[in-house]
Every structure is written in C-alpha cells, then in structure tokens.
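*Asks:* Structure file work.cif (mmCIF, C-alpha atoms and all ligand atoms) is given on the next line.
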data_entry
loop_
_atom_site.label_atom_id
_atom_site.label_comp_id
_atom_site.auth_asym_id
_atom_site.auth_seq_id
_atom_site.Cartn_x
_atom_site.Cartn_y
_atom_site.Cartn_z
CA MET X 1 12.99 44.22 -13.28
CA ILE X 2 12.97 40.67 -14.59
CA ARG X 3 10.24 39.79 -17.09
CA SER X 4 9.33 36.41 -18.57
CA ALA X 5 9.37 36.75 -22.36
CA ILE X 6 8.01 34.12 -24.74
CA CYS X 7 10.86 33.25 -27.11
CA GLY X 8 9.50 30.13 -28.82
CA ILE X 9 6.24 28.31 -29.49
CA GLY X 10 5.40 24.81 -30.72
CA THR X 11 2.39 22.53 -31.19
CA ALA X 12 1.51 18.91 -31.82
CA LEU X 13 -1.75 17.35 -32.95
CA PRO X 14 -2.64 13.67 -33.38
CA LYS X 15 -2.74 12.28 -36.92
CA ARG X 16 -6.45 11.47 -36.96
CA VAL X 17 -9.03 14.18 -37.64
CA VAL X 18 -12.59 13.41 -36.56
CA LYS X 19 -15.25 15.55 -38.20
CA ASN X 20 -18.72 16.06 -36.69
CA ALA X 21 -20.27 13.76 -39.29
CA GLU X 22 -18.25 10.85 -37.88
CA LEU X 23 -19.78 11.43 -34.44
CA GLU X 24 -23.27 11.20 -35.93
CA GLU X 25 -22.47 7.49 -36.37
CA ILE X 26 -21.64 7.01 -32.66
CA VAL X 27 -24.20 9.12 -30.74
CA ASP X 28 -27.54 10.83 -31.42
CA THR X 29 -26.14 14.17 -32.57
CA SER X 30 -25.78 16.25 -35.73
CA ASP X 31 -23.17 18.42 -37.36
CA GLU X 32 -25.73 21.24 -37.26
CA TRP X 33 -26.26 20.97 -33.46
CA ILE X 34 -22.53 20.82 -32.71
CA VAL X 35 -21.66 23.77 -34.98
CA GLN X 36 -24.55 25.94 -33.77
CA ARG X 37 -24.13 25.25 -30.05
CA THR X 38 -20.33 25.12 -29.85
CA GLY X 39 -18.63 26.27 -33.08
CA ILE X 40 -16.76 22.93 -33.33
CA ARG X 41 -16.43 21.35 -36.80
CA GLN X 42 -13.67 18.84 -36.14
CA ARG X 43 -11.21 17.69 -33.48
CA TYR X 44 -8.03 15.54 -33.44
CA ILE X 45 -8.16 12.22 -31.60
CA ALA X 46 -5.02 10.40 -30.40
CA GLY X 47 -4.39 6.99 -31.90
CA LYS X 48 -2.25 4.06 -30.82
CA GLY X 49 1.11 5.27 -29.53
CA GLU X 50 -0.04 8.89 -29.26
CA THR X 51 -0.25 10.01 -25.63
CA THR X 52 -0.06 13.18 -23.57
CA VAL X 53 3.69 12.60 -23.19
CA THR X 54 4.38 11.99 -26.91
CA LEU X 55 2.27 14.99 -27.96
CA GLY X 56 3.79 17.19 -25.25
CA THR X 57 7.29 16.13 -26.23
CA ARG X 58 6.66 16.97 -29.91
CA ALA X 59 5.29 20.41 -29.01
CA ALA X 60 8.24 21.03 -26.67
CA ARG X 61 10.79 20.09 -29.36
CA GLU X 62 9.12 22.46 -31.81
CA ALA X 63 9.08 25.29 -29.26
CA LEU X 64 12.78 24.76 -28.54
CA GLN X 65 13.58 24.81 -32.27
CA ASN X 66 11.45 27.92 -32.75
CA ALA X 67 13.39 29.61 -29.92
CA GLY X 68 16.73 28.52 -31.39
CA LEU X 69 17.55 26.73 -28.13
CA GLU X 70 18.54 23.25 -27.01
CA ILE X 71 17.28 21.24 -24.06
CA GLY X 72 20.51 22.07 -22.22
CA ASP X 73 19.35 25.71 -22.11
CA ILE X 74 16.20 24.83 -20.14
CA ASP X 75 16.12 24.78 -16.31
CA LEU X 76 12.54 23.78 -15.69
CA ILE X 77 9.66 21.99 -17.44
CA ILE X 78 6.10 22.63 -16.28
CA LEU X 79 3.42 20.50 -17.88
CA ALA X 80 -0.24 21.42 -17.54
CA THR X 81 -2.38 18.33 -17.94
CA SER X 82 -5.38 16.49 -16.49
CA THR X 83 -4.71 13.41 -18.59
CA PRO X 84 -1.23 12.22 -17.55
CA ASP X 85 0.21 9.04 -19.08
CA HIS X 86 0.34 7.48 -15.62
CA THR X 87 -1.05 8.24 -12.16
CA PHE X 88 2.58 8.88 -11.30
CA PRO X 89 5.29 9.93 -12.03
CA ALA X 90 4.44 13.38 -13.31
CA SER X 91 4.22 13.26 -17.10
CA ALA X 92 6.57 16.25 -17.08
CA THR X 93 9.34 13.92 -15.91
CA GLU X 94 8.51 11.50 -18.76
CA ILE X 95 8.82 14.43 -21.18
CA GLN X 96 12.09 15.35 -19.44
CA GLN X 97 13.31 11.81 -20.13
CA ALA X 98 12.14 11.91 -23.77
CA LEU X 99 14.00 15.20 -24.30
CA GLU X 100 17.11 13.66 -22.67
CA MET X 101 17.23 16.43 -20.07
CA LYS X 102 19.41 15.18 -17.22
CA HIS X 103 19.49 18.37 -15.16
CA GLY X 104 16.94 20.81 -13.72
CA VAL X 105 13.44 19.99 -12.60
CA ALA X 106 10.10 18.98 -14.11
CA PHE X 107 6.61 18.80 -12.62
CA ASP X 108 2.94 18.77 -13.58
CA VAL X 109 0.30 21.37 -12.82
CA GLN X 110 -3.36 20.31 -12.56
CA ALA X 111 -5.95 23.00 -13.20
CA VAL X 112 -7.91 21.27 -16.00
CA CYS X 113 -8.71 23.72 -18.83
CA SER X 114 -7.02 26.59 -16.95
CA GLY X 115 -3.83 24.54 -16.65
CA PHE X 116 -1.81 26.48 -19.20
CA VAL X 117 -2.40 29.89 -17.60
CA PHE X 118 -1.66 28.37 -14.17
CA ALA X 119 1.58 26.83 -15.50
CA LEU X 120 2.57 30.06 -17.27
CA THR X 121 2.05 32.03 -14.05
CA THR X 122 4.07 29.47 -12.05
CA ALA X 123 6.90 29.69 -14.60
CA ASP X 124 6.78 33.49 -14.46
CA LEU X 125 7.25 33.38 -10.68
CA TYR X 126 10.22 31.00 -11.00
CA LEU X 127 11.86 33.33 -13.51
CA ARG X 128 11.21 36.52 -11.56
CA CYS X 129 12.54 34.89 -8.35
CA GLN X 130 15.66 33.93 -10.36
CA MET X 131 15.14 30.24 -9.63
CA ALA X 132 15.30 29.54 -13.38
CA ARG X 133 16.44 31.35 -16.51
CA ARG X 134 14.46 29.47 -19.15
CA VAL X 135 11.31 27.40 -18.71
CA LEU X 136 9.43 25.09 -21.04
CA VAL X 137 5.71 25.47 -20.36
CA ILE X 138 3.58 22.78 -22.00
CA GLY X 139 -0.16 22.17 -22.15
CA ALA X 140 -0.88 18.63 -23.37
CA GLU X 141 -4.03 16.53 -23.18
CA THR X 142 -5.67 13.35 -24.41
CA PHE X 143 -9.21 13.99 -23.23
CA SER X 144 -10.49 11.39 -25.72
CA ARG X 145 -9.27 8.79 -23.18
CA ILE X 146 -11.49 10.09 -20.34
CA LEU X 147 -14.65 10.68 -22.39
CA ASP X 148 -17.75 8.52 -22.21
CA TRP X 149 -18.23 7.93 -25.94
CA LYS X 150 -21.91 7.10 -25.29
CA ASP X 151 -22.61 10.52 -23.73
CA ARG X 152 -23.50 12.96 -26.51
CA THR X 153 -23.50 15.91 -24.10
CA THR X 154 -19.73 15.64 -23.59
CA CYS X 155 -18.05 13.43 -26.21
CA VAL X 156 -18.63 15.87 -29.08
CA LEU X 157 -16.89 18.73 -27.27
CA PHE X 158 -13.31 17.68 -26.65
CA GLY X 159 -10.16 16.92 -28.66
CA ASP X 160 -6.52 15.99 -28.10
CA GLY X 161 -3.36 18.03 -28.67
CA ALA X 162 -0.45 19.93 -27.17
CA GLY X 163 1.10 23.38 -27.23
CA ALA X 164 4.31 24.64 -25.67
CA VAL X 165 6.19 27.88 -25.16
CA VAL X 166 9.71 28.70 -23.99
CA LEU X 167 9.84 31.49 -21.43
CA GLU X 168 13.10 33.35 -20.92
CA ALA X 169 14.11 35.85 -18.22
CA VAL X 170 14.77 39.27 -19.80
CA ASP X 171 15.42 42.73 -18.36
CA GLY X 172 12.47 45.09 -18.29
CA VAL X 173 11.91 48.62 -17.01
CA GLY X 174 8.94 47.52 -14.89
CA ASP X 175 6.06 49.05 -16.80
CA ILE X 176 3.67 48.24 -19.60
CA ARG X 177 6.30 48.80 -22.32
CA ASP X 178 8.14 45.60 -21.32
CA TYR X 179 8.08 42.39 -23.30
CA GLY X 180 6.77 39.22 -21.70
CA ILE X 181 4.26 38.56 -18.93
CA LEU X 182 2.98 41.86 -17.55
CA ALA X 183 0.18 40.72 -15.25
CA SER X 184 -1.46 37.50 -14.20
CA ILE X 185 -4.52 36.65 -12.11
CA LEU X 186 -5.53 33.14 -11.02
CA ARG X 187 -8.70 32.04 -9.24
CA SER X 188 -10.39 28.85 -8.08
CA ASP X 189 -13.61 28.04 -6.23
CA GLY X 190 -14.00 24.47 -5.03
CA ARG X 191 -17.73 24.87 -4.37
CA HIS X 192 -18.18 23.97 -8.04
CA VAL X 193 -16.17 20.73 -8.19
CA LYS X 194 -19.19 18.57 -9.07
CA LYS X 195 -20.19 20.67 -12.09
CA LEU X 196 -17.21 19.48 -14.11
CA TYR X 197 -15.21 16.52 -12.88
CA VAL X 198 -14.02 12.99 -13.67
CA ASN X 199 -15.91 10.30 -11.74
CA GLY X 200 -12.89 8.12 -11.01
CA GLY X 201 -9.40 8.29 -9.56
CA PRO X 202 -6.70 6.29 -7.78
CA SER X 203 -7.81 7.13 -4.23
CA THR X 204 -11.55 6.71 -4.77
CA THR X 205 -12.55 4.17 -7.42
CA GLN X 206 -9.09 2.94 -8.52
CA THR X 207 -10.30 3.58 -12.07
CA ILE X 208 -9.64 6.39 -14.52
CA GLY X 209 -13.30 7.45 -14.74
CA HIS X 210 -15.20 9.54 -17.27
CA LEU X 211 -15.65 13.26 -17.68
CA CYS X 212 -18.99 14.49 -16.28
CA MET X 213 -20.26 18.02 -16.88
CA GLU X 214 -23.32 20.12 -16.15
CA GLY X 215 -22.74 22.03 -19.38
CA ARG X 216 -25.38 24.69 -18.91
CA GLU X 217 -24.13 25.47 -15.36
CA VAL X 218 -20.53 25.75 -16.55
CA PHE X 219 -21.60 27.96 -19.43
CA LYS X 220 -23.50 30.32 -17.11
CA TYR X 221 -20.56 30.69 -14.74
CA ALA X 222 -17.88 30.96 -17.44
CA VAL X 223 -18.71 34.32 -18.97
CA GLY X 224 -18.86 36.11 -15.59
CA ALA X 225 -15.69 34.46 -14.30
CA ILE X 226 -13.73 35.17 -17.47
CA THR X 227 -14.74 38.81 -17.75
CA ASP X 228 -14.03 39.38 -14.06
CA VAL X 229 -10.52 37.96 -14.19
CA VAL X 230 -9.65 39.70 -17.48
CA ASN X 231 -10.87 43.06 -16.14
CA THR X 232 -8.83 42.55 -12.94
CA CYS X 233 -5.76 41.70 -15.01
CA LEU X 234 -6.22 44.87 -17.11
CA LYS X 235 -6.63 46.92 -13.92
CA VAL X 236 -3.47 45.48 -12.35
CA ALA X 237 -1.57 46.35 -15.56
CA GLY X 238 -3.13 49.83 -15.58
CA ILE X 239 -4.51 49.60 -19.11
CA SER X 240 -7.91 49.46 -20.79
CA HIS X 241 -9.25 46.73 -23.08
CA GLU X 242 -8.69 49.12 -25.98
CA SER X 243 -4.90 48.70 -25.62
CA LEU X 244 -5.18 44.96 -26.33
CA ASP X 245 -4.12 43.79 -29.79
CA TRP X 246 -5.32 40.19 -29.33
CA PHE X 247 -7.63 38.19 -27.11
CA VAL X 248 -6.64 34.51 -27.02
CA PRO X 249 -9.29 32.73 -24.95
CA HIS X 250 -9.65 29.11 -23.91
CA GLN X 251 -11.54 27.36 -26.70
CA ALA X 252 -14.48 25.65 -24.95
CA ASN X 253 -17.44 27.12 -26.79
CA LYS X 254 -17.63 29.80 -29.49
CA ARG X 255 -20.67 31.30 -27.77
CA ILE X 256 -18.74 31.67 -24.47
CA ILE X 257 -15.86 33.31 -26.36
CA GLU X 258 -18.15 35.73 -28.19
CA ALA X 259 -20.17 36.60 -25.09
CA SER X 260 -17.01 37.22 -23.03
CA ALA X 261 -15.38 39.36 -25.73
CA HIS X 262 -18.60 41.32 -26.17
CA ARG X 263 -18.93 41.97 -22.45
CA LEU X 264 -15.28 43.03 -22.27
CA GLY X 265 -15.73 45.40 -25.23
CA ILE X 266 -13.12 43.57 -27.32
CA ALA X 267 -13.77 43.83 -31.07
CA ASP X 268 -14.45 40.57 -32.98
CA GLU X 269 -11.41 41.01 -35.21
CA LYS X 270 -9.11 40.92 -32.16
CA VAL X 271 -10.45 37.55 -30.97
CA VAL X 272 -8.53 34.38 -31.91
CA VAL X 273 -10.95 31.49 -32.47
CA THR X 274 -9.67 27.99 -33.29
CA ILE X 275 -12.41 25.89 -31.70
CA ASP X 276 -13.75 25.00 -35.17
CA GLY X 277 -10.56 23.07 -35.95
CA HIS X 278 -9.45 21.73 -32.56
CA GLY X 279 -12.52 21.42 -30.32
CA ASN X 280 -11.85 21.89 -26.61
CA THR X 281 -8.31 20.62 -25.94
CA SER X 282 -8.34 21.69 -22.28
CA ALA X 283 -4.85 22.81 -21.13
CA ALA X 284 -3.58 22.71 -24.74
CA SER X 285 -6.20 25.07 -26.14
CA VAL X 286 -4.59 28.44 -25.32
CA PRO X 287 -1.09 27.62 -26.68
CA LEU X 288 -2.63 25.93 -29.74
CA ALA X 289 -4.71 29.05 -30.47
CA LEU X 290 -1.79 31.37 -29.79
CA ALA X 291 0.43 29.39 -32.18
CA VAL X 292 -2.15 29.65 -34.96
CA ALA X 293 -2.28 33.45 -34.62
CA VAL X 294 1.53 33.69 -34.46
CA ARG X 295 2.03 31.51 -37.52
CA ASP X 296 -0.55 33.21 -39.71
CA GLY X 297 1.14 36.55 -39.00
CA ARG X 298 -1.62 38.12 -36.91
CA VAL X 299 0.49 38.32 -33.74
CA LYS X 300 3.55 40.53 -34.23
CA ARG X 301 6.41 41.46 -31.94
CA GLY X 302 5.27 44.09 -29.46
CA ASP X 303 1.58 43.13 -29.59
CA LEU X 304 -0.35 43.04 -26.30
CA ILE X 305 -2.20 39.77 -25.83
CA MET X 306 -4.72 38.71 -23.20
CA LEU X 307 -4.81 34.96 -22.57
CA GLU X 308 -7.58 33.47 -20.45
CA ALA X 309 -9.04 30.12 -19.47
CA MET X 310 -11.71 28.58 -17.25
CA GLY X 311 -12.24 24.96 -16.28
CA GLY X 312 -12.97 22.25 -13.73
CA GLY X 313 -12.69 23.11 -10.05
CA PHE X 314 -13.75 25.73 -11.00
CA THR X 315 -10.42 27.26 -11.88
CA TRP X 316 -9.92 30.32 -14.02
CA GLY X 317 -7.27 32.89 -14.84
CA ALA X 318 -5.91 35.51 -17.21
CA VAL X 319 -2.37 36.42 -18.30
CA LEU X 320 -1.40 39.64 -20.06
CA VAL X 321 1.67 39.28 -22.24
CA ARG X 322 3.56 41.48 -24.69
CA TRP X 323 4.76 39.30 -27.57
O1 LIG X 401 -13.51 23.74 -20.92
C1 LIG X 401 -14.13 23.63 -19.69
C2 LIG X 401 -15.32 24.45 -19.64
N1 LIG X 401 -16.40 23.84 -20.37
C3 LIG X 401 -17.25 24.63 -20.94
O2 LIG X 401 -17.09 25.82 -20.91
C4 LIG X 401 -18.51 24.03 -21.55
C5 LIG X 401 -19.66 24.91 -21.19
N2 LIG X 401 -20.92 24.48 -21.68
C6 LIG X 401 -21.26 24.49 -23.01
O3 LIG X 401 -20.44 24.78 -23.84
C7 LIG X 401 -22.67 24.18 -23.38
O4 LIG X 401 -23.50 24.20 -22.23
C8 LIG X 401 -22.84 22.84 -24.13
C9 LIG X 401 -22.23 22.94 -25.50
C10 LIG X 401 -22.19 21.73 -23.34
C11 LIG X 401 -24.33 22.53 -24.29
O5 LIG X 401 -24.97 23.60 -24.98
P1 LIG X 401 -26.33 24.20 -24.40
O6 LIG X 401 -26.79 25.20 -25.36
O7 LIG X 401 -26.07 24.63 -22.99
O8 LIG X 401 -27.28 22.95 -24.49
P2 LIG X 401 -28.08 22.23 -23.33
O9 LIG X 401 -27.17 21.49 -22.43
O10 LIG X 401 -29.02 23.23 -22.72
O11 LIG X 401 -28.93 21.19 -24.18
C12 LIG X 401 -29.92 21.61 -25.12
C13 LIG X 401 -30.49 20.39 -25.78
C14 LIG X 401 -30.93 19.31 -24.81
O12 LIG X 401 -32.11 18.72 -25.27
P3 LIG X 401 -33.54 19.16 -24.66
O13 LIG X 401 -33.43 18.84 -23.19
O14 LIG X 401 -33.66 20.61 -24.93
O15 LIG X 401 -34.50 18.29 -25.40
C15 LIG X 401 -29.81 18.30 -24.90
O16 LIG X 401 -30.24 16.99 -24.58
O17 LIG X 401 -29.53 19.79 -26.65
C16 LIG X 401 -29.43 18.39 -26.35
N3 LIG X 401 -28.06 17.94 -26.62
C17 LIG X 401 -27.67 17.52 -27.83
N4 LIG X 401 -28.32 17.39 -29.01
C18 LIG X 401 -27.62 16.94 -30.05
C19 LIG X 401 -27.03 17.91 -25.77
N5 LIG X 401 -25.94 17.45 -26.41
C20 LIG X 401 -26.31 17.20 -27.69
C21 LIG X 401 -25.63 16.75 -28.83
N6 LIG X 401 -26.31 16.64 -29.98
N7 LIG X 401 -24.32 16.43 -28.81
#
I'd like the structure from this file rewritten - as structure tokens, please.

*Replies:*
Amino acid sequence: MIRSAICGIGTALPKRVVKNAELEEIVDTSDEWIVQRTGIRQRYIAGKGETTVTLGTRAAREALQNAGLEIGDIDLIILATSTPDHTFPASATEIQQALEMKHGVAFDVQAVCSGFVFALTTADLYLRCQMARRVLVIGAETFSRILDWKDRTTCVLFGDGAGAVVLEAVDGVGDIRDYGILASILRSDGRHVKKLYVNGGPSTTQTIGHLCMEGREVFKYAVGAITDVVNTCLKVAGISHESLDWFVPHQANKRIIEASAHRLGIADEKVVVTIDGHGNTSAASVPLALAVAVRDGRVKRGDLIMLEAMGGGFTWGAVLVRW
C-alpha cells in the first residue's frame, strides 16, 4: 500500500514582530486581555515586499532543503491560502515560477484556517492514486492585509507566516505501523458562512474586504467540531487517543486548544502550543506549530501525531500521521 510520508519541513515568518503592547496604541485593548482570552503574546506582520507568495516560497525552499531534494523532484505544489497575492492566477503557480519549476502542476486550495489539512489530504490522494510521487504542500497567509485595524475584536488575533512540508510516496503494509498519513477526515458546513467571512470579493464588491467574525459563535462551535473529527479520525485508524504522541492543533485560541485536548483526553504535555509566538496564522498555523515541535526535538521518527484545524465556512478536519 502506498503511504504519503513527510520527508521535509520548512517555515518562513515576516521580519517584523508585533507584540501586544504595540496594539494597545492602535485599538482599545490590553496585553492582559489578549493573553487571558487567547494566549497570544506576539505575531509577525508582513512588511513591504513580503507577501503570501514570498513567504510560501521561502518555506517551500526550506522544506526542500530539509528533505534533501530539489525542485526537479517535485511533481505537484498545493498551496493552502485565503490571502493570495492576486485574485488569479493561483498563488501556487507564482510559487512554482519563483522556484523555477517548469514541469508538473500547481494549484491553490481554499479552506481558510483548515486549508493545510485540506491540502495535505488532497496531496495524500494524489500520491496514493499514483498521480504524483512527491508533493510540496504549503500553508501561507498574510491575514494582516485583510484585517480591519480599527476592529479590536479581530485585529489582535491574527498573524502572517508560512509553513511547508514535502510528502513522498513510500511503501507501507497498510496498517497503523506505517509511516506517513494514516487517516484523514474533512468536513464543511456552509450554514455557518456568515460567522467568519471576508466582506468583499471580486464577484460581489470588487474589493478585497475585511475579515468579519462572530468570535463567540465560532468558539462555541470549534470545540465540538474539532473533538468530533479527531475522534472519527482515531476510529478510522482503529486506535485510541492514548496511542497519540503529539496533538498539533490549529492555533486560533489557547482556550479552544485546551478545551479540545481536555475533551479528547489528551494530556497537556502532548499538546503543541505556539499561539503565544505566532498568533492565528490561518492555513500556516499547523505546519508552523509542527515545525517548532520537530526542531526542538519533541517530535521523533515514528511518533504518532494528530493534526487538526477549523475555520471559515465552517470547514474543519483532522489528519493522523506517523512522523
Ligand atoms: O481560526 C479560525 C477560527 N477562529 C477562532 O477559533 C476564534 C474563536 N473565537 C475566539 O477565539 C474568541 O471568541 C475571541 C478571542 C475572539 C473573543 O473571546 P471571548 O472570550 O469570546 O470574548 P467576547 O467576544 O465574548 O468579548 C468579551 C468582551 C466584550 O466586552 P463586553 O461586551 O463584555 O463589555 C468585548 O467587547 O471583551 C471585549 N473585547 C475586547 N476587549 C479588549 C473584544 N475584543 C477585545 C480586545 N481587547 N481586543
């Protein structure tokens, strides 16, 4: 059986760090409120010349280097983003150009904060159908460009950044001992579109628009959706939460992460939390968090990791992977 193993990981963050104190100058907020309600202490904000494509390209280059591969080894690029450089073409093709990849195929996936798990699952299907042998999966965002910097209920929450992995087709025996993606569950429910959306777009207002969110409503839905999809993923894989070595959740709110882990019975020490340093980077948050845990030595070869995310749409999903 073909499995999709992660053989390289890379990240990119903008140069500028914005701490909570700096936001106190812009909107009526406080470091104390932001830390207590979200766990965020700082975020990175893209400056001039830093875009979704430049950040995504940097993360992709690092992932390739980490895998010991060159762009010629890659058949497919999937970019998860809600903040493309242009309405079209797909930013994935602009990354393809930047990496000087003249073969293969590149496209974007749009599932907001769940984008990375949606892109990972799409890549896994390509590999298992033998339509590709190696895939670059990137999550890259510049949410700072769609925020209303006068709205304290949203502008303090998000940050910019990118993370990327290289997935490679490997032989597996077809059970839980295999390396790579072992199970994946995706969900969406369009009844919730107005709870988290951007109020502009090419076909409606011909503007980019600003992010609008009913935070409390999203919060309430998130914990139930996340636990449901993680439990389903565990069931499909035929394992219990106790077999997990690491839980790498989407970094939207520390309280959502803690409540979900608690409800799932996952011990605190198995939960990777990076929201304090990055804020919510949407489709980049899961690969950024995963990279932190890989680099600091927590994640080791053979470890079982549950990735999950939830975002606008609503969309949500979970991916079980053996490192
Ligand atoms: O990644 C996509 C998914 N997104 C999420 O998962 C986000 C989910 N939602 C959340 O994380 C939380 O709902 C928020 C962090 C957005 C808000 O936290 P909350 O505990 O739900 O606060 P709230 O919206 O109930 O607001 C509580 C109070 C309000 O004041 P009153 O009405 O009680 O007087 C807000 O006006 O906090 C006020 N408030 C703020 N105060 C200081 C809202 N934003 C701020 C702020 N600084 N930045």

*Asks:* Atom CA of X:Thr274 and atom CA of X:Ala259, how far apart in Å?

*Replies:*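 Rounded to one decimal, the two atoms are 15.9 Å apart.
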
*Asks:* Which residues, protein or nucleic acid, reach to within 10 Å of (-17.2, 25.7, -28.8) in the file's coordinates when using only C-alpha atoms, and can you give that as number ranges by chain?

*Replies:* X: 34-41, 156-158, 250-257, 273-276, 278-280

*Asks:* Would you kindly return, as an MDAnalysis selection string, each protein, DNA or RNA residue with an atom no farther than 10 Å from any atom of X:Ala21, considering all atoms listed in the file and excluding same-chain residues fewer than 3 positions away?

*Replies:* chainID X and resid 18 24:26 29:32 34 41:42

*Asks:* May I have the residues from that selection written out with C-alpha atoms, as a compact mmCIF listing (two decimals), keeping the file's coordinate frame?

*Replies:*
# COMPACT_ATOMS: atom_id res chain seq x y z
CA VAL X 18 -12.59 13.41 -36.56
CA GLU X 24 -23.27 11.20 -35.93
CA GLU X 25 -22.47 7.49 -36.37
CA ILE X 26 -21.64 7.01 -32.66
CA THR X 29 -26.14 14.17 -32.57
CA SER X 30 -25.78 16.25 -35.73
CA ASP X 31 -23.17 18.42 -37.36
CA GLU X 32 -25.73 21.24 -37.26
CA ILE X 34 -22.53 20.82 -32.71
CA ARG X 41 -16.43 21.35 -36.80
CA GLN X 42 -13.67 18.84 -36.14

*Asks:* Can you work out the spacing between atom CA of X:Ala132 and atom CA of X:Pro287 in Å, to one decimal?

*Replies:*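 Answer for the atom CA of X:Ala132 to atom CA of X:Pro287 separation: 21.2 Å.
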
*Asks:* Would you list the contacts of X:Gln130 as a list in words, taking every protein, DNA or RNA residue within 12 Å and counting only C-alpha atoms, but skipping same-chain residues closer than 4 positions in sequence?

*Replies:*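 Non-adjacent residues within range: Met1, Ile2, Arg3, Ser4, Asp75, Leu76, Ala123, Asp124, Leu125, Tyr126, Arg134, Val135, Glu168, Ala169, Val170 and Asp171 of chain X.
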
*Asks:* Could you check the closest approach to X:Ile226 for each of X:Glu308, X:Asp151, X:Asp296, X:Asp189 and tell me which residue wins, using all atoms listed in the file?

*Replies:*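 Under the stated criterion, the closest residue is X:Glu308.
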
*Asks:* By how many Å are atom CA of X:Lys270 and atom CA of X:Trp246 apart?

*Replies:*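 One can read the atom CA of X:Lys270 to atom CA of X:Trp246 distance as 4.8 Å.
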
*Asks:* Can you report as lines of an AutoDock Vina configuration file the centre and edge lengths in Å, to one decimal, of an axis-aligned box around the listed atoms of ligand LIG 401 (chain X) padded with 3 Å on each side?

*Replies:*
center_x = -24.0
center_y = 21.1
center_z = -24.8
size_x = 27.0
size_y = 15.4
size_z = 16.4

*Asks:* Please determine, counting all atoms listed in the file, which residue among X:Asp178, X:Asp108, X:Glu242, X:Asp28 has the shortest atom-to-atom distance to ligand LIG 401 (chain X).

*Replies:* X:Asp28
